[in-house]
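Visitor: What follows is a structure written as structure tokens; I'll ask about it next.
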Amino acid sequence: MTSLLVPPESVRGMTCLDRTAFTVTVELPFLKICGTTLSKTIPVLKKYLFKRRNFKSVQRENDETVIYLNPMLIKTFEDFTEKEKKQLLEMYENFGTAKLILKYDNWASYEILRAILPKEIDVPTSYSIIGHILHLNLRDMHLPYKTIIGQVYLDTIPNVRTVLNKINMIDTTFRNFTMEILAGDENTITTVKENGYTYELDFSKVYWNPRLSTEHETVVINFLKIIFKADVLNRRVAKKTGMEHIVMNLPALAIEFLDVFFDSFDENEIKQMCCQPPTIHLYCFVKTNKGEDACKLGQLLIEQKLGCKLSSDSLIELHFVRNVSLNKDMIRVSFLLTENVLKGEEPAMKRLKTENTVDVLLHLKENKTAKGNKDKTLQIDQQLQELQKEVHQSKPKMKVVNTEQEKKKKAQTATLVQTDATTSLVEKMQI
């Protein structure tokens, strides 16, 4: 007999499932009450009930009702509060304890696996259910126990007929992966119900993630139902052109296709498209550190691939989809395919900085004796930093240049100042 509600220690390290080894005898407190008062008693005892898989805490025995209580919460009648004792005194006939047998079918999957696996190995509690299939991502430390893990989940999770494990990283175009069946049927064709729709798919060939069901619903509601009302129905009345939506839903690869928008259309095509620009809904992965905004990082990543900034006129929405793993998030960025995207135009501020950059060339004589001299190298680095400060300090303030002659004169002035600073540095370096 055990006083703790856990399987016996003898199952630790088991690799071949023996269900009979999980049988234990426990001592449970109980209350016997009159059947007529059951509706009044249950609200008082609800939080103390002995809840166990395939076990009824309220049982009829002959003409009496027996309510079994959790021994971790109640051991004697005095463990109830004063208010509870006052209520129960009017309803119960007897308080006592009884010995009951708990078998394999009474334990939850976590309790079974926690008892089997070595104490230093975490129980794999994360899984996805796709129809009748339970999908696990086991780590290396779980692999010696993979068969028994699969069998336990097959026994304990309702409506599951197949348990499988992903055995490599997802690196295919359509994100399907190599898998191994741990327990149950080898049938990977399953039926999935999501948001009122039924899908039949072969999970060995089709990527399906139930954690994205909310995102699927968002796409359907926002991008189809709302757009359908605003676009299709109104277009019939107003005789307007339609709206196009492009969903780029491969987060690992979609961003690599953004460069096809640039320089793919001529001026007439761009003009026509910009009258009613298509909407792009792109999914991508971003790696984040603590405190960083994943959505903003997703925007910057897309702007980098596009070669232009997404202005407030073109950016529609930055949406956090889900956390994929440690420091890795999935983001959806929705934006309009506007003229600056199609032409690959840089932001005005970036162009301004680039156009006003002046190259400084240093014609230095090679001195073989200086090679390998660490102190000399540090001195050169310091002098180069001083040169950079002198150039910035001597740089004239920007003003509008109206003629080519004035523009040329301005460039010559800046060049003379920078050349003098460069010559001074060369003389100081004595190279």
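By order of appearance in the structure tokens: chains A, B, ..., then residues from 1 within every chain, and ligands from 1 in the order shown.
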Any idea what's packed within 7 Å of segment 69-77 of chain A, counting only C-alpha atoms, ignoring anything in its chain fewer than 4 positions away? Could you give it as a PyMOL selection string?

Guide: chain A and resi 28-30+48-50+95

Visitor: So that I can check the surroundings of segment 188-192 of chain A, please list as a PyMOL selection string every protein, DNA and RNA residue that reaches within 10 Å of it, counting only C-alpha atoms and ignoring chain neighbours fewer than 3 positions away.

Guide: chain A and resi 129-133+162-164+181+185+197-206+208+210

Visitor: Quick one: pick out all alpha helix (DSSP H) residues within segment 239-307 of chain A from a backbone DSSP run and write them as a list in words.

Guide: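 Those residues are Glu267, Asn268, Glu269, Ile270, Lys271, Gln272, Met273, Cys274, Cys275, Ala294, Cys295, Lys296, Leu297, Gly298, Gln299, Leu300, Leu301, Ile302, Glu303, Gln304, Lys305 and Leu306 of chain A.
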
Visitor: Could you pull out the strand (DSSP E or B) residues of segment 240-270 of chain A, going by DSSP on the backbone, and write them as number ranges by chain?

Guide: A: 245-248

Visitor: What's the 12 Å shell around Gln59 of chain A, counting only C-alpha atoms, without same-chain residues fewer than 3 positions away, as a PyMOL selection string?

Guide: chain A and resi 30-33+35+38+49-50+55-56+62-69

Visitor: Could you take the residues named above and write them with C-alpha atoms, as a PDB file, in the first residue's frame?

Guide:
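Contents of part22.pdb, as written:
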ATOM      1  CA  PHE A  30     -14.691   8.832   1.897  1.00  0.00           C
ATOM      2  CA  LEU A  31     -18.041  10.193   2.989  1.00  0.00           C
ATOM      3  CA  LYS A  32     -21.272   8.218   2.914  1.00  0.00           C
ATOM      4  CA  ILE A  33     -24.352  10.338   2.463  1.00  0.00           C
ATOM      5  CA  GLY A  35     -28.990  10.080  -1.748  1.00  0.00           C
ATOM      6  CA  LEU A  38     -26.298  14.628  -2.957  1.00  0.00           C
ATOM      7  CA  LEU A  49     -12.934  14.969  -4.880  1.00  0.00           C
ATOM      8  CA  PHE A  50     -10.486  12.202  -5.793  1.00  0.00           C
ATOM      9  CA  PHE A  55     -12.363   6.401 -11.836  1.00  0.00           C
ATOM     10  CA  LYS A  56     -15.666   7.724 -10.515  1.00  0.00           C
ATOM     11  CA  ASN A  62     -26.254  -0.635  -2.406  1.00  0.00           C
ATOM     12  CA  ASP A  63     -28.574   2.089  -1.115  1.00  0.00           C
ATOM     13  CA  GLU A  64     -25.802   4.491  -0.173  1.00  0.00           C
ATOM     14  CA  THR A  65     -23.729   7.075  -2.042  1.00  0.00           C
ATOM     15  CA  VAL A  66     -19.988   7.005  -1.388  1.00  0.00           C
ATOM     16  CA  ILE A  67     -17.875  10.059  -2.232  1.00  0.00           C
ATOM     17  CA  TYR A  68     -14.115   9.414  -2.424  1.00  0.00           C
ATOM     18  CA  LEU A  69     -11.844  12.294  -1.438  1.00  0.00           C
TER      19      LEU A  69
END

Visitor: What is the distance between atom CA of Lys271 of chain A and atom CA of Arg332 of chain A, in Å to one decimal?

Guide: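 Here the two named atoms are 27.0 Å from each other.
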